[in-house]
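Following: one structure in structure tokens, then a few remarks.
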Amino acid sequence: MPNFKEEELDAMIAAECAASGRRQVAVILDRWLPRRLADALLQQAEAPIGIRGADLSKLHRRRLTAAIKGSSIPVAGTMGFRKAEVTAGGVSLDEVDSRDMQSRIVPGLYFAGELLDLDGPIGGYNFQAAFSTGFLAGESM
Ligand SMILES: Cc1cc2nc3c(=O)[nH]c(=O)nc-3n(C[C@H](O)[C@H](O)[C@H](O)COP(=O)(O)OP(=O)(O)OC[C@H]3O[C@@H](n4cnc5c(N)ncnc54)[C@H](O)[C@@H]3O)c2cc1C
């Protein structure tokens, strides 16, 4: 969370814990951090596993904030093509008419889904893109 100063982050966590005191701190942190990372950071802060927002002491909260700000997690690489979920790159969107998915270069040639230079984050955006462009291309032929 490099975009927040330590004091800002501490205040954010304090506010969330006050607003959702019955929820576990790891669950509260879920909105900013992957759950397993949140668990590891709580452990680093020596806060009890499963501690609820209302029970997080100022000391543990400060340690938690320091653990978040002090942890640098460099991306070491990808897991390769076998684990890849979406392909970036493809036919340039400038070369395709978005009204019918027809090529602007080769009339009668239609594109959809992964063939296009169109990709989104995990969460259904790629399925949606494939379904929508596929439907449109199919309807337009
Ligand atoms: C492991 C995994 C998890 C994913 N999870 C998500 C997710 O949770 N949410 C999300 O939005 N997206 C997800 N995606 C991405 C999503 O699956 C794709 O973006 C989407 O399926 C693309 O649809 P498509 O029809 O363009 O291509 P594809 O689904 O790849 O379909 C292409 C089809 O063409 C066939 N084919 C290839 N060559 C030939 C040929 N010469 N002749 C005849 N047939 C051929 C292939 O066998 C295949 O059936 C995931 C992808 C993977 C790999």
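If you're wondering about the labels, chains in the structure tokens are A, B, ... by order shown, residues count from 1 in each chain, ligands from 1 in order shown.
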Next on the checklist: DSSP on the backbone, strand (DSSP E or B) only: what residues of chain A does that give? Format it as a list in words.
Outcome noted: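 Everything in chain A that counts as strand (DSSP E or B) is Gln24, Arg52, Val91, Val96, Asp97, Gln102, Ser103, Tyr110 and Leu116 of chain A.
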Next on the checklist: Residues near region 61-73 of chain A, anyone? I mean within 9 Å using only C-alpha atoms, not counting same-chain ones fewer than 5 positions away, as an MDAnalysis selection string.
Outcome noted: chainID A and resid 1:2 4:7 9:10 13:14 38 41:47 56
Go ahead and save the residues from that selection, with all heavy atoms, as a short mmCIF file (atom, residue, chain, number, x, y, z; two decimals), in the first residue's frame.
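Contents of the output file out-v8.cif:
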data_model
loop_
_atom_site.label_atom_id
_atom_site.label_comp_id
_atom_site.auth_asym_id
_atom_site.auth_seq_id
_atom_site.Cartn_x
_atom_site.Cartn_y
_atom_site.Cartn_z
N MET A 1 0.84 -1.21 0.00
CA MET A 1 0.00 0.00 0.00
C MET A 1 0.87 1.26 0.00
O MET A 1 0.84 2.05 0.95
CB MET A 1 -0.96 -0.05 1.19
CG MET A 1 -1.85 -1.28 1.16
SD MET A 1 -2.98 -1.37 2.53
CE MET A 1 -4.19 -0.14 2.07
N PRO A 2 1.66 1.41 -1.07
CA PRO A 2 2.62 2.52 -1.09
C PRO A 2 1.98 3.89 -1.21
O PRO A 2 2.63 4.90 -0.93
CB PRO A 2 3.47 2.22 -2.34
CG PRO A 2 2.60 1.37 -3.20
CD PRO A 2 1.70 0.60 -2.29
N PHE A 4 -0.26 5.19 0.62
CA PHE A 4 -0.70 5.75 1.91
C PHE A 4 0.48 5.93 2.85
O PHE A 4 1.34 5.06 2.93
CB PHE A 4 -1.73 4.82 2.57
CG PHE A 4 -2.95 4.61 1.73
CD1 PHE A 4 -3.11 3.48 0.96
CD2 PHE A 4 -3.95 5.58 1.70
CE1 PHE A 4 -4.24 3.29 0.17
CE2 PHE A 4 -5.08 5.40 0.92
CZ PHE A 4 -5.22 4.26 0.15
N LYS A 5 0.47 7.06 3.55
CA LYS A 5 1.47 7.25 4.61
C LYS A 5 1.07 6.36 5.79
O LYS A 5 -0.11 6.02 5.93
CB LYS A 5 1.50 8.71 5.06
CG LYS A 5 2.01 9.67 4.00
CD LYS A 5 2.42 10.98 4.69
CE LYS A 5 2.91 11.98 3.67
NZ LYS A 5 1.85 12.89 3.23
N GLU A 6 2.07 6.03 6.63
CA GLU A 6 1.80 5.12 7.74
C GLU A 6 0.67 5.62 8.64
O GLU A 6 -0.22 4.85 9.02
CB GLU A 6 3.09 4.89 8.55
CG GLU A 6 2.96 3.70 9.48
CD GLU A 6 4.31 3.14 9.91
OE1 GLU A 6 5.27 3.17 9.13
OE2 GLU A 6 4.37 2.64 11.05
N GLU A 7 0.67 6.94 8.92
CA GLU A 7 -0.38 7.49 9.80
C GLU A 7 -1.76 7.38 9.14
O GLU A 7 -2.77 7.08 9.80
CB GLU A 7 -0.16 8.97 10.13
CG GLU A 7 1.23 9.42 10.49
CD GLU A 7 2.09 9.65 9.26
OE1 GLU A 7 1.94 10.70 8.62
OE2 GLU A 7 2.92 8.79 8.93
N LEU A 9 -2.71 5.15 6.90
CA LEU A 9 -3.11 3.74 6.91
C LEU A 9 -3.61 3.34 8.30
O LEU A 9 -4.63 2.65 8.44
CB LEU A 9 -1.92 2.88 6.48
CG LEU A 9 -2.16 1.38 6.36
CD1 LEU A 9 -3.27 1.08 5.37
CD2 LEU A 9 -0.87 0.67 5.94
N ASP A 10 -2.89 3.79 9.32
CA ASP A 10 -3.27 3.48 10.70
C ASP A 10 -4.68 4.02 10.98
O ASP A 10 -5.53 3.32 11.55
CB ASP A 10 -2.25 4.10 11.66
CG ASP A 10 -2.45 3.61 13.07
OD1 ASP A 10 -2.38 2.39 13.28
OD2 ASP A 10 -2.72 4.45 13.96
N ILE A 13 -7.29 1.86 9.13
CA ILE A 13 -7.55 0.58 9.79
C ILE A 13 -8.36 0.81 11.06
O ILE A 13 -9.32 0.08 11.35
CB ILE A 13 -6.22 -0.16 10.10
CG1 ILE A 13 -5.53 -0.54 8.79
CG2 ILE A 13 -6.46 -1.41 10.94
CD1 ILE A 13 -4.13 -1.11 8.95
N ALA A 14 -8.01 1.87 11.80
CA ALA A 14 -8.75 2.19 13.04
C ALA A 14 -10.22 2.46 12.71
O ALA A 14 -11.13 1.96 13.40
CB ALA A 14 -8.13 3.40 13.73
N ALA A 38 -2.88 -10.91 4.47
CA ALA A 38 -3.38 -10.25 5.68
C ALA A 38 -3.09 -11.13 6.91
O ALA A 38 -2.63 -10.63 7.94
CB ALA A 38 -4.87 -9.97 5.55
N LEU A 41 0.58 -10.92 7.76
CA LEU A 41 0.95 -9.63 8.36
C LEU A 41 0.46 -9.53 9.81
O LEU A 41 1.15 -8.98 10.67
CB LEU A 41 0.40 -8.48 7.51
CG LEU A 41 1.09 -8.31 6.16
CD1 LEU A 41 0.27 -7.43 5.24
CD2 LEU A 41 2.50 -7.76 6.32
N LEU A 42 -0.72 -10.09 10.06
CA LEU A 42 -1.23 -10.11 11.44
C LEU A 42 -0.31 -10.93 12.34
O LEU A 42 -0.05 -10.57 13.48
CB LEU A 42 -2.64 -10.69 11.47
CG LEU A 42 -3.77 -9.70 11.21
CD1 LEU A 42 -5.06 -10.41 10.89
CD2 LEU A 42 -3.96 -8.78 12.42
N GLN A 43 0.17 -12.04 11.77
CA GLN A 43 1.09 -12.90 12.52
C GLN A 43 2.37 -12.13 12.82
O GLN A 43 2.89 -12.17 13.94
CB GLN A 43 1.42 -14.11 11.65
CG GLN A 43 1.56 -15.39 12.43
CD GLN A 43 1.72 -16.57 11.49
OE1 GLN A 43 1.43 -16.50 10.29
NE2 GLN A 43 2.21 -17.66 12.03
N GLN A 44 2.85 -11.37 11.81
CA GLN A 44 4.06 -10.57 11.99
C GLN A 44 3.85 -9.51 13.08
O GLN A 44 4.77 -9.18 13.82
CB GLN A 44 4.38 -9.88 10.67
CG GLN A 44 5.84 -9.60 10.46
CD GLN A 44 6.08 -9.08 9.05
OE1 GLN A 44 5.60 -9.64 8.08
NE2 GLN A 44 6.81 -7.98 8.94
N ALA A 45 2.60 -9.01 13.17
CA ALA A 45 2.29 -8.00 14.19
C ALA A 45 2.03 -8.63 15.55
O ALA A 45 1.71 -7.93 16.51
CB ALA A 45 1.07 -7.19 13.74
N GLU A 46 2.15 -9.96 15.59
CA GLU A 46 1.92 -10.73 16.82
C GLU A 46 0.52 -10.51 17.39
O GLU A 46 0.30 -10.56 18.60
CB GLU A 46 3.00 -10.42 17.86
CG GLU A 46 4.38 -10.89 17.42
CD GLU A 46 5.51 -10.47 18.35
OE1 GLU A 46 5.22 -10.15 19.52
OE2 GLU A 46 6.66 -10.47 17.90
N ALA A 47 -0.43 -10.28 16.48
CA ALA A 47 -1.83 -10.16 16.90
C ALA A 47 -2.44 -11.56 16.89
O ALA A 47 -2.10 -12.38 16.04
CB ALA A 47 -2.58 -9.25 15.93
N LEU A 56 -8.80 -5.23 18.51
CA LEU A 56 -7.42 -4.93 18.08
C LEU A 56 -6.90 -3.74 18.90
O LEU A 56 -7.42 -2.63 18.80
CB LEU A 56 -7.40 -4.59 16.57
CG LEU A 56 -6.01 -4.44 15.96
CD1 LEU A 56 -5.31 -5.81 15.86
CD2 LEU A 56 -6.09 -3.81 14.57
#
Checklist entry - Nearest to ligand 1: which of A:Met101, A:Val86, A:Val91, A:Leu109 is it, counting only C-alpha atoms and all ligand atoms? => result A:Val86
Item to check | region 92-99 of chain A environment, 8 Å, only C-alpha atoms, sequence neighbours closer than 6 positions dropped, as a list of chain:residue names | outcome: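 What passes the distance filter is A:Ile105, A:Phe111, A:Leu116, A:Asp117, A:Leu118, A:Leu136.
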Can you tell me which residues come within 10 Å of ligand 1 when counting only C-alpha atoms and all ligand atoms, ideally as a CSV table (one decimal) with all heavy atoms, in the first residue's frame?
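Result went into selection28.csv, see below:
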chain,number,residue,atom,x,y,z
A,81,PHE,N,2.9,-20.0,-19.2
A,81,PHE,CA,1.7,-20.1,-20.1
A,81,PHE,C,0.7,-21.1,-19.6
A,81,PHE,O,-0.5,-21.0,-19.8
A,81,PHE,CB,2.1,-20.4,-21.5
A,81,PHE,CG,1.0,-20.2,-22.5
A,81,PHE,CD1,0.6,-18.9,-22.8
A,81,PHE,CD2,0.5,-21.3,-23.2
A,81,PHE,CE1,-0.5,-18.7,-23.7
A,81,PHE,CE2,-0.6,-21.1,-24.1
A,81,PHE,CZ,-1.0,-19.8,-24.4
A,82,ARG,N,1.2,-22.2,-19.0
A,82,ARG,CA,0.3,-23.3,-18.5
A,82,ARG,C,-0.7,-22.7,-17.5
A,82,ARG,O,-1.8,-23.3,-17.4
A,82,ARG,CB,1.1,-24.4,-17.9
A,82,ARG,CG,1.7,-25.4,-19.0
A,82,ARG,CD,2.6,-26.4,-18.3
A,82,ARG,NE,1.8,-27.2,-17.4
A,82,ARG,CZ,1.1,-28.3,-17.7
A,82,ARG,NH1,1.1,-28.7,-19.0
A,82,ARG,NH2,0.5,-29.0,-16.8
A,83,LYS,N,-0.3,-21.7,-16.7
A,83,LYS,CA,-1.2,-21.2,-15.7
A,83,LYS,C,-1.9,-19.9,-16.1
A,83,LYS,O,-2.6,-19.3,-15.3
A,83,LYS,CB,-0.4,-20.9,-14.4
A,83,LYS,CG,0.1,-22.2,-13.7
A,83,LYS,CD,-1.0,-22.8,-12.8
A,83,LYS,CE,-0.6,-24.0,-12.1
A,83,LYS,NZ,-1.6,-24.6,-11.3
A,84,ALA,N,-1.6,-19.5,-17.3
A,84,ALA,CA,-2.1,-18.2,-17.8
A,84,ALA,C,-3.6,-18.2,-18.0
A,84,ALA,O,-4.1,-19.3,-18.4
A,84,ALA,CB,-1.4,-17.8,-19.1
A,85,GLU,N,-4.3,-17.2,-17.6
A,85,GLU,CA,-5.7,-17.2,-17.7
A,85,GLU,C,-6.3,-16.3,-18.8
A,85,GLU,O,-7.4,-16.4,-19.2
A,85,GLU,CB,-6.3,-16.8,-16.4
A,85,GLU,CG,-6.0,-17.8,-15.3
A,85,GLU,CD,-7.0,-17.8,-14.1
A,85,GLU,OE1,-7.9,-17.0,-14.1
A,85,GLU,OE2,-6.8,-18.6,-13.2
A,86,VAL,N,-5.5,-15.4,-19.3
A,86,VAL,CA,-6.0,-14.5,-20.3
A,86,VAL,C,-4.8,-14.1,-21.2
A,86,VAL,O,-3.7,-14.0,-20.6
A,86,VAL,CB,-6.8,-13.3,-19.8
A,86,VAL,CG1,-5.9,-12.4,-19.0
A,86,VAL,CG2,-7.5,-12.6,-20.9
A,87,THR,N,-5.0,-13.9,-22.4
A,87,THR,CA,-3.9,-13.5,-23.3
A,87,THR,C,-4.0,-12.1,-23.7
A,87,THR,O,-5.1,-11.6,-24.1
A,87,THR,CB,-4.0,-14.3,-24.7
A,87,THR,OG1,-4.1,-15.7,-24.3
A,87,THR,CG2,-2.8,-14.1,-25.5
A,88,ALA,N,-3.0,-11.3,-23.4
A,88,ALA,CA,-3.0,-9.9,-23.8
A,88,ALA,C,-2.4,-9.9,-25.2
A,88,ALA,O,-1.7,-10.7,-25.6
A,88,ALA,CB,-2.1,-9.1,-22.8
A,111,PHE,N,-14.1,-10.9,-35.8
A,111,PHE,CA,-13.3,-11.3,-34.6
A,111,PHE,C,-14.1,-11.2,-33.3
A,111,PHE,O,-15.0,-10.4,-33.2
A,111,PHE,CB,-12.1,-10.3,-34.5
A,111,PHE,CG,-11.2,-10.3,-35.6
A,111,PHE,CD1,-11.1,-9.3,-36.5
A,111,PHE,CD2,-10.3,-11.4,-35.8
A,111,PHE,CE1,-10.2,-9.3,-37.6
A,111,PHE,CE2,-9.4,-11.4,-36.9
A,111,PHE,CZ,-9.4,-10.4,-37.8
A,112,ALA,N,-13.7,-12.1,-32.4
A,112,ALA,CA,-14.3,-12.1,-31.1
A,112,ALA,C,-13.4,-12.6,-30.0
A,112,ALA,O,-12.4,-13.3,-30.4
A,112,ALA,CB,-15.6,-13.0,-31.1
A,113,GLY,N,-13.6,-12.3,-28.8
A,113,GLY,CA,-12.9,-12.9,-27.7
A,113,GLY,C,-11.4,-12.7,-27.7
A,113,GLY,O,-10.9,-11.6,-28.0
A,114,GLU,N,-10.7,-13.8,-27.3
A,114,GLU,CA,-9.3,-13.7,-27.1
A,114,GLU,C,-8.5,-13.3,-28.4
A,114,GLU,O,-7.3,-12.9,-28.3
A,114,GLU,CB,-8.7,-15.0,-26.7
A,114,GLU,CG,-9.2,-15.4,-25.3
A,114,GLU,CD,-8.2,-14.8,-24.2
A,114,GLU,OE1,-7.3,-14.1,-24.5
A,114,GLU,OE2,-8.4,-15.2,-23.0
A,115,LEU,N,-9.1,-13.4,-29.5
A,115,LEU,CA,-8.4,-12.9,-30.8
A,115,LEU,C,-8.1,-11.5,-30.8
A,115,LEU,O,-7.2,-11.0,-31.4
A,115,LEU,CB,-9.3,-13.3,-32.0
A,115,LEU,CG,-9.3,-14.8,-32.4
A,115,LEU,CD1,-10.3,-15.0,-33.6
A,115,LEU,CD2,-7.9,-15.2,-32.8
A,116,LEU,N,-8.9,-10.7,-30.0
A,116,LEU,CA,-8.8,-9.3,-30.0
A,116,LEU,C,-7.8,-8.8,-28.9
A,116,LEU,O,-7.6,-9.5,-27.9
A,116,LEU,CB,-10.2,-8.6,-29.6
A,116,LEU,CG,-11.3,-8.9,-30.6
A,116,LEU,CD1,-12.7,-8.7,-30.0
A,116,LEU,CD2,-11.2,-8.0,-31.8
A,118,LEU,N,-7.8,-7.2,-26.3
A,118,LEU,CA,-8.7,-6.8,-25.3
A,118,LEU,C,-8.6,-7.8,-24.1
A,118,LEU,O,-8.8,-9.0,-24.3
A,118,LEU,CB,-10.1,-6.9,-25.9
A,118,LEU,CG,-11.3,-6.6,-25.0
A,118,LEU,CD1,-11.3,-5.1,-24.5
A,118,LEU,CD2,-12.6,-6.9,-25.8
A,119,ASP,N,-8.2,-7.3,-23.0
A,119,ASP,CA,-8.2,-8.1,-21.8
A,119,ASP,C,-8.5,-7.4,-20.6
A,119,ASP,O,-8.3,-6.1,-20.5
A,119,ASP,CB,-6.8,-8.8,-21.7
A,119,ASP,CG,-5.7,-7.8,-21.6
A,119,ASP,OD1,-5.1,-7.3,-22.6
A,119,ASP,OD2,-5.3,-7.4,-20.4
A,120,GLY,N,-9.1,-8.0,-19.6
A,120,GLY,CA,-9.5,-7.4,-18.4
A,120,GLY,C,-8.9,-8.1,-17.2
A,120,GLY,O,-8.4,-9.2,-17.3
A,121,PRO,N,-9.1,-7.5,-16.0
A,121,PRO,CA,-8.7,-8.2,-14.8
A,121,PRO,C,-9.6,-9.5,-14.5
A,121,PRO,O,-10.7,-9.6,-15.1
A,121,PRO,CB,-8.9,-7.2,-13.7
A,121,PRO,CG,-9.9,-6.3,-14.2
A,121,PRO,CD,-9.8,-6.3,-15.7
A,122,ILE,N,-9.1,-10.4,-13.7
A,122,ILE,CA,-9.9,-11.6,-13.3
A,122,ILE,C,-11.2,-11.1,-12.7
A,122,ILE,O,-11.2,-10.1,-11.9
A,122,ILE,CB,-9.0,-12.5,-12.4
A,122,ILE,CG1,-7.9,-13.2,-13.2
A,122,ILE,CG2,-9.9,-13.5,-11.7
A,122,ILE,CD1,-7.0,-14.0,-12.4
A,123,GLY,N,-12.2,-11.7,-13.0
A,123,GLY,CA,-13.5,-11.3,-12.4
A,123,GLY,C,-14.7,-11.4,-13.4
A,123,GLY,O,-15.7,-10.8,-13.1
A,124,GLY,N,-14.4,-12.1,-14.5
A,124,GLY,CA,-15.5,-12.3,-15.4
A,124,GLY,C,-15.5,-11.4,-16.6
A,124,GLY,O,-16.3,-11.5,-17.5
A,125,TYR,N,-14.6,-10.4,-16.6
A,125,TYR,CA,-14.5,-9.4,-17.7
A,125,TYR,C,-14.1,-10.0,-19.0
A,125,TYR,O,-14.6,-9.6,-20.1
A,125,TYR,CB,-13.5,-8.3,-17.4
A,125,TYR,CG,-13.9,-7.5,-16.1
A,125,TYR,CD1,-13.3,-7.8,-14.9
A,125,TYR,CD2,-14.9,-6.5,-16.2
A,125,TYR,CE1,-13.7,-7.1,-13.7
A,125,TYR,CE2,-15.2,-5.8,-15.0
A,125,TYR,CZ,-14.6,-6.2,-13.8
A,125,TYR,OH,-15.0,-5.5,-12.7
A,126,ASN,N,-13.3,-11.1,-18.9
A,126,ASN,CA,-12.9,-11.7,-20.2
A,126,ASN,C,-13.9,-12.6,-20.8
A,126,ASN,O,-14.1,-12.7,-22.0
A,126,ASN,CB,-11.6,-12.5,-19.9
A,126,ASN,CG,-10.5,-11.5,-19.4
A,126,ASN,OD1,-10.0,-10.7,-20.2
A,126,ASN,ND2,-10.1,-11.6,-18.2
A,127,PHE,N,-14.7,-13.3,-19.9
A,127,PHE,CA,-15.8,-14.1,-20.4
A,127,PHE,C,-16.8,-13.1,-21.0
A,127,PHE,O,-17.4,-13.4,-22.1
A,127,PHE,CB,-16.5,-14.8,-19.2
A,127,PHE,CG,-15.8,-16.1,-18.8
A,127,PHE,CD1,-15.7,-16.4,-17.4
A,127,PHE,CD2,-15.3,-17.0,-19.7
A,127,PHE,CE1,-15.1,-17.6,-17.0
A,127,PHE,CE2,-14.7,-18.1,-19.3
A,127,PHE,CZ,-14.6,-18.4,-17.9
A,128,GLN,N,-17.1,-12.0,-20.3
A,128,GLN,CA,-18.1,-11.1,-20.8
A,128,GLN,C,-17.7,-10.5,-22.1
A,128,GLN,O,-18.5,-10.4,-23.0
A,128,GLN,CB,-18.2,-9.9,-19.8
A,128,GLN,CG,-19.3,-8.9,-20.2
A,128,GLN,CD,-20.7,-9.5,-20.2
A,128,GLN,OE1,-21.2,-10.0,-19.2
A,128,GLN,NE2,-21.3,-9.5,-21.3
A,129,ALA,N,-16.4,-10.2,-22.3
A,129,ALA,CA,-15.9,-9.7,-23.5
A,129,ALA,C,-16.1,-10.8,-24.6
A,129,ALA,O,-16.5,-10.4,-25.8
A,129,ALA,CB,-14.4,-9.3,-23.4
A,130,ALA,N,-15.7,-12.0,-24.3
A,130,ALA,CA,-15.9,-13.1,-25.3
A,130,ALA,C,-17.3,-13.3,-25.7
A,130,ALA,O,-17.7,-13.4,-26.8
A,130,ALA,CB,-15.3,-14.4,-24.7
A,131,PHE,N,-18.2,-13.3,-24.7
A,131,PHE,CA,-19.7,-13.5,-24.9
A,131,PHE,C,-20.2,-12.4,-25.8
A,131,PHE,O,-21.0,-12.6,-26.7
A,131,PHE,CB,-20.5,-13.7,-23.6
A,131,PHE,CG,-20.1,-14.8,-22.7
A,131,PHE,CD1,-20.3,-14.7,-21.4
A,131,PHE,CD2,-19.5,-16.0,-23.3
A,131,PHE,CE1,-19.9,-15.8,-20.5
A,131,PHE,CE2,-19.2,-17.0,-22.5
A,131,PHE,CZ,-19.3,-16.9,-21.1
A,133,THR,N,-18.7,-10.0,-27.6
A,133,THR,CA,-18.1,-9.8,-29.0
A,133,THR,C,-18.6,-11.0,-29.8
A,133,THR,O,-18.8,-10.8,-31.0
A,133,THR,CB,-16.6,-9.6,-29.0
A,133,THR,OG1,-16.0,-10.7,-28.2
A,133,THR,CG2,-16.2,-8.3,-28.3
A,134,GLY,N,-18.6,-12.2,-29.2
A,134,GLY,CA,-19.0,-13.4,-30.0
A,134,GLY,C,-20.5,-13.2,-30.5
A,134,GLY,O,-20.8,-13.5,-31.6
Item to check | Those of chain A in DSSP alpha helix (DSSP H), formatted as a PyMOL selection string | outcome: chain A and resi 6-19+25-29+35-44+58-70+125-140
Item to check | Two-atom distance - CA of Arg36 (chain A), CA of Cys17 (chain A) (Å) | outcome: 18.7 Å
Next on the checklist: Give me, as a PyMOL selection string, all polymer residues having an atom no more than 8 Å from Asp55 (chain A), counting only C-alpha atoms and skipping those fewer than 3 positions away in the same chain.
Outcome noted: chain A and resi 21+51-52
Checklist entry - Hey, which of A:Glu8, A:Glu139, A:Asp39, A:Glu16 ends up closest to Gln102 (chain A)? Count only C-alpha atoms. => result A:Glu139
Checklist entry - Which residue, A:Thr78, A:Trp32, A:Gly90, A:Leu37, has the smallest gap to Asn3 (chain A) when you use only C-alpha atoms? => result A:Trp32
Item to check | Distance of CA of Ala40 (chain A) from CA of Ala76 (chain A), expressed in Å to one decimal place | outcome: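 So the answer is 18.6 Å.
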